[in-house]
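Data block below; observations after.
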Amino acid sequence: MVEDRGPRPTHDLPRLGRRTFLQGAAVTGAMVATGALFRPARAATGDPVLRLSYEQPNGSATILDEISQATFDVHVTNNPAERVPGVHGSALRTDGFSTWATGQFTAPLTSQMTVQTWIALESYPSDSERPYDDLTPSSIIYQRSDNAGFDIAINTYGEWWFTAHVGGQWRTVKAPWLFPLYEWVQIAAVVDGEARELRLHLDDVAGPKVARVAIPAGTLFEQAASAPLVIGKASKDLTTGVFLINALNAAYDDTRIYAVARSAATLTAEYAAGIAGASPAQDVALQVTDLRFADDILRPRYHAMPPANWTNEPHGLVRHDCKYHMFYQRTPNGPFKWQMHWGHMTSTDLVHWTNLPDALHPELNDREARLGAIAGNGLTAQGSKGIWSGDVVSVGGTAHAFFTTVNFGGPFDPGIARASSTDPGLVSWTKAEAGLIDKNAPAHVADFRDPYLWQEGNTWHMIIGAATDSGGAVEHYTAQDIQGQWTRAARPFSTIPFGSMDIGSAIWEMPVFEKIGTHGGQDKYVLIVSPIGRSVSKLTEPYTRSVYWTGTWDGSQFTPDYTQPKPLDVIHGHLSPTVARGPNGNPVAIGIVDERSSSRMQLDLGWAHTFSVPREWRLLDDGHTLGQRALAQLTTLRAGSPQTESDVVVTGVHILAASGNQVEIVAQIDPGATGTRYGLYIGTSPDGAEITKIYYEDGHLVIDKTRSSHNFENEEAVLLRGTYDVAAFGKPRTFHIFIDHSVIDVFINDAAAFSNRIYPTSRRADGAAASTGLALYSEGGATRFTHVDVWQLQSAGPESTTHS
C-alpha cells in the first residue's frame, strides 16, 4: 500500500494512475514498439560514461552499453529476459527472483559521479520475515567490493539509501521518504566532491526530492572497477531452500552513469521531458509479458490467479460499486511465501478477472521514526511480518478491509487491523493507525487469524479463526459501528463445545458464516472453517481441507445440526473459500486449489497455486447438506458449439472424439444402467503413459492420479477415495468437469464437488501438450451415457475497461 495521508502536489506533471500498470494489451515476443528515444543535449553536465537503454527484442538476454559497446548479460534461469514499454523506448522487466542484468563497467570515476535510472517498482523486495536489524536488503543497482564501489539499496519496507566508498570509508545518505510503487520514477545517486556531499535524488509525480549527507573536502570515490555492475539484485543474496528471495520486481529504463555530479535542476528537467513524452504503452510496464509462460503447459488459463509468482487463499470477496473485488494472499516477488501482501483483482461476472496493484503490503510500525520524522504517532499493527488473510465489507460507499496483522513481537502479533478505501476502484487504501483486537490483551486464545464479518440489524459481527487448548475454534466479537470498538462476545459462538467439533487440528483458519437457505420453516446457516496443524496434514488423513456445519442462529450463538463436521469437498485438494452473494442472491465461493508439486518444480514454473472456478452454494433438500454447482456465468467461456455424443453404452473404455486440456465436459448418465465403477478418463497421452481416472464406485468418488504425470516432482501421485453421500447427493447421474491444464474442478449432480491438481507433462513433437485425450469408462457392467458435451473453453483474460 502506498502511503496516502493527504493530497500531494503534482507540479503540473501528468499523473499515472497506479491501476494502469497491470492493464493493457499483452506484450508479444516482438520488439516493443514505442516512441522516439529522448536524448539529452550535450551540455556542461557532461556525457554519460555508461548508458543502457534496453533496446533489444523481448527475450534477448543481452544489453548493449551504448557508450563502450560492451555487452551486459541478463541472468536468466526460470523466466525469460522480458522487454516492456518504457519511458524512452523499451524497458527491462525483472521478475523479483531469477532475472537481473550484469556486466563490466571500468570507465574511471574519481571525485564526482552520478548513477541514474528510470525505474517502475511493482513491490518492495522480499525478506525472510526477520526483525528489522537482521534484514538483508536488495539493490536497485550496485558495483561494489569489500572496500570500494557504490550501492543504491532498498529494503522490504521501501526504505532506500545510497552508499559509496569515499575517503577510505563507506558513507551513506538515506532517503527520508519511502520509494514509490507502481509509478515510473527517475532516481539518481551523486558523489559530489566539489560540494562535499553525497546526494540521493527522486523525481516522481509528487515532485522532486533531494537528500544529502556531508563528506570531507578532498575525499575521492573509490571505484570497484574489477567488480561487476549489477542491476536488479541484492549485493548480498538471501536464499531460503531453492529460492533467491531478495531480488527486485521492477521495470528499468535508460540507466546511465556520469563522471560528473549532475544537478537537481538538470535531473528534474529530464524527468519532466521523459514523462511528458512517454509512450501511452508505458501503462503495461509492470505487466507480465506473454513470453514468460508461453511454453507452460501446466499453467491454468481461465481460472483466476495472479499474473505470476506465489499466491495462497483468496479472501475479502465483495461487491462494491457494481464490481466484484477479490483479494488474496500474495508474494509478488517470486514463487515463495515471504512477506505476505494483499493482491487484488476485479470482475463483473466472477469469471473474467482484471488484476490490479496490490492493496496492502507489510509496513513498519515505527516507520515515521525510522524515516527521521517525529515519532510517537502511535502506529501499530501495520503488518511488519505480513498482511495475512481477512475480509472486506462495503458500507455506504466506503470499503473496510479487516486483516490479520503479524508483527515482530509486541502488540498485535498477531492481531486484527483495519484499512479503508473510498476509491470506487478500491486501489488506494489507508490503514488505521492502530490495531483493533490483540490476541495477547487479554489472552483469550493461543493464536488467531482471518476475520470474517457480517451485519445483522444494527450489530456487526466478526468471527476469527482461533487456536485453543482443545484445538481449533472461532472467536466472536461484535460492534455497533463498523469503525467503532469491538467487544468479545459473552458466550461462545457455538452452543456445542469447540473441542467436540474439532477434527484434531491446532487452529481453524478462514471461517465463513452465511445464511444458506430455509428448511422446515427455519432459516439455516452454514459455518465453514479450514482446520490445520496438529494431526491434520496435507498428504495424510485427516487431510487439510475445509469442513462445515449447518445449523440455526439466534443472533448471538450458532447451534450446529451435528457435532462432527462434513467435508466441503468429497476429495481434498481445495480449501479456504471466500464468499459473496452472486447474481441470483445465492452465496458464490472461490477457494484455493493448492500445489501438489515440489519447491523445485514451482521455482522452475515461476508461479504457485491457483483458485477454483466459482461455485454456487445452496441448501439441499435434507436441510443439513451444502450443495455446490458451477456458477452459470462460466458458460461465457465456451467457444462455439460442443462436440456431442449421445446414447453411448460403455463397457471398458470409450475414447471420445473430443479432446483438450482447456475444456468443459458434461456427461449425463442413466443411473439405472451403470456398472459398479463408472466415470471418465482425462489428461490421457496417446501412448497411455499419462492418464487421470475419475469415477464413482460403491458410495465413493475416486480420482486415480498414480499415472497423471511423468514429472517426478509431483508429490501426490496417488489414488484418492472420498466418501460420497448418496442419500444427500443422489447416485451420480451427471459428471460436470472443468479441465484447465493442471487444475480440475468436478461437480456431481450439481451437488457434490471437488477440485484437484494434475500435472500431465507429455508433449508433442511441436512442444504442445500431448496428454489431452478424453474417454468414458465403465467396469463391472455396462454404463449408459445418455449425452456427453465437450466444450473448448476460452482463456479468461482481463475484462475490457477504461482506466484512469
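Each chain in the C-alpha cells gets a letter, A, B, ..., in the order shown, and its residues are numbered from 1; ligands are numbered from 1 in order too.
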- Message: From a backbone DSSP assignment, name each residue in stretch 201-405 of chain A labelled helix (DSSP H, G or I), as a list of chain:residue names.
- Response: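 Filtering stretch 201-405 of chain A to helix (DSSP H, G or I) leaves A:Ala264, A:Ala265, A:Thr266, A:Leu267, A:Thr268, A:Ala269, A:Glu270, A:Tyr271, A:Ala272, A:Ala273, A:Gly274, A:Ile275, A:Ala276, A:Pro280, A:Ala281, A:Gln282, A:Asp283, A:Val284, A:Arg367, A:Glu368, A:Ala369, A:Arg370.
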- Mind checking which residues fall within 8 Å of A:Arg618, counting only C-alpha atoms, ignoring those fewer than 6 positions away in the same chain, and posting them as a list in words?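 Listing them by chain and then by number gives Ile516, Gly517, Asn586, Pro587, Leu626, Gly627 and Gln628 of chain A.
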- Task: Between A:Ala153, A:Leu360, A:Ile665, A:Ala717, single out the one closest to A:Ala775, counting only C-alpha atoms.
- Result: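 Checking each of A:Ala153, A:Leu360, A:Ile665, A:Ala717 against A:Ala775, counting only C-alpha atoms, the winner is A:Ile665.
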- How would you write, as a ChimeraX atom specification, the set of residues in stretch 372-441 of chain A that DSSP gives as strand (DSSP E or B)? /A:386-395,398-406,415-421,430-431,437-438,440
- Message: Need to verify the contact set: A:Val392, 10 Å, only C-alpha atoms, exclusion of same-chain residues closer than 2 positions in sequence. Can you return it as a count of residues only?
- Response: 24
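Every protein, DNA or RNA residue with an atom at most 10 Å from stretch 720-724 of chain A, where only C-alpha atoms count and chain neighbours fewer than 4 positions away do not, is listed here: A:Pro567, A:Asp569, A:Val570, A:Ile571, A:His572, A:Ile694, A:Tyr695, A:Tyr696, A:Glu697, A:Asp698, A:Gly699, A:His700, A:Leu701, A:Val702, A:Ile703, A:Asp704, A:Lys705, A:Thr706, A:Glu716, A:Ala728, A:Phe729, A:Gly730, A:Lys731, A:Pro732, A:Ile748, A:Ala752, A:Ala753, A:Phe754.
Of the residues listed (A:Tyr124, A:Tyr681, A:Phe221, A:Phe611), A:Phe221 shows the shortest atom-to-atom separation from A:Asn147; distances use only C-alpha atoms.
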- Task: Select, from A:Lys693, A:His624, A:Arg629, A:Lys566, the residue with the minimum atom-to-atom distance to A:Val653, counting only C-alpha atoms.
- Result: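 Of the candidates, the smallest distance to A:Val653 is held by A:Lys693.
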- Message: Show me, as JSON, numbers by chain, the residues that have an atom within 12 Å of A:Leu200 when counting only C-alpha atoms, minus same-chain residues fewer than 2 positions from it.
- Response: {"A": [113, 114, 115, 116, 151, 152, 153, 160, 161, 162, 163, 164, 172, 173, 174, 175, 176, 177, 179, 186, 187, 188, 189, 190, 191, 192, 197, 198, 202, 203, 208, 209, 210, 211, 212, 213, 261, 262, 263, 264, 267]}
Sorted by chain and rising residue number, list the residues of stretch 740-803 of chain A at most 12 Å from stretch 287-294 of chain A (counting only C-alpha atoms), each with its closest atom pair and distance in Å to one decimal, as CSV.
residue,atom,partner,partner_atom,distance
A:Gly767,CA,A:Ala294,CA,10.8
A:Ala768,CA,A:Ala294,CA,10.5
A:Gly797,CA,A:Asp290,CA,11.9
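Across A:Arg615, A:His444, A:Arg600, A:Lys439, the tightest approach to A:Gly582 is made by A:Arg615 when counting only C-alpha atoms.
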- Query: Which distance in Å separates atom CA of A:Asn365 and atom CA of A:Asn407, to one decimal?
  - Reply: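 Atom-to-atom, atom CA of A:Asn365 and atom CA of A:Asn407 are spaced 8.4 Å apart.
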- Task: Show which residues sit within 9 Å of A:Ile464, as a count of residues only. Count only C-alpha atoms, and ignore same-chain residues fewer than 6 positions away.
- Result: 16
- Message: Please list as number ranges by chain every residue within 8 Å of A:His741, counting only C-alpha atoms and excluding residues in the same chain fewer than 2 positions away.
- Response: A: 297-301, 661-662, 739, 743-744, 758-760
- In Å, with one decimal, what is the gap from atom CA of A:Ile387 to atom CA of A:Val512? 19.0 Å
- Query: Which is closest to A:Leu605 among A:Gln643, A:Ser68, A:Thr136, A:Thr77, if we use only C-alpha atoms?
  - Reply: A:Thr77
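Checking A:Asn79, A:Ala273, A:Ala120, A:Gln112 one by one against A:Gly218, counting only C-alpha atoms, you find the shortest gap at A:Gln112.
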- Just give me the gap between atom CA of A:Leu286 and atom CA of A:Ala81 in Å, one decimal is fine.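 About the pair atom CA of A:Leu286 and atom CA of A:Ala81: they are 13.6 Å apart.
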Contacts between stretch 245-252 of chain A and stretch 102-205 of chain A, please, where a residue of stretch 102-205 of chain A counts if it comes within 8 Å (with only C-alpha atoms); show its shortest atom pair and distance in Å to one decimal, rows by chain and ascending number, as a tab-separated table.
residue	atom	partner	partner_atom	distance
A:Thr117	CA	A:Tyr252	CA	7.1
A:Trp118	CA	A:Tyr252	CA	5.8
A:Ile119	CA	A:Tyr252	CA	4.6
A:Ala120	CA	A:Ala251	CA	5.1
A:Leu121	CA	A:Ala250	CA	4.4
A:Glu122	CA	A:Ala250	CA	5.6
A:Ser123	CA	A:Asn249	CA	6.3
A:Tyr124	CA	A:Leu248	CA	7.3
A:Pro125	CA	A:Asn246	CA	5.3
A:Ser126	CA	A:Asn246	CA	5.1
A:Asp127	CA	A:Asn246	CA	5.9
A:Ser128	CA	A:Ile245	CA	7.7
A:Thr136	CA	A:Asn246	CA	7.5
A:Pro137	CA	A:Asn246	CA	6.9
A:Ser138	CA	A:Asn246	CA	5.5
A:Ser139	CA	A:Leu248	CA	7.5
A:Ile140	CA	A:Leu248	CA	7.2
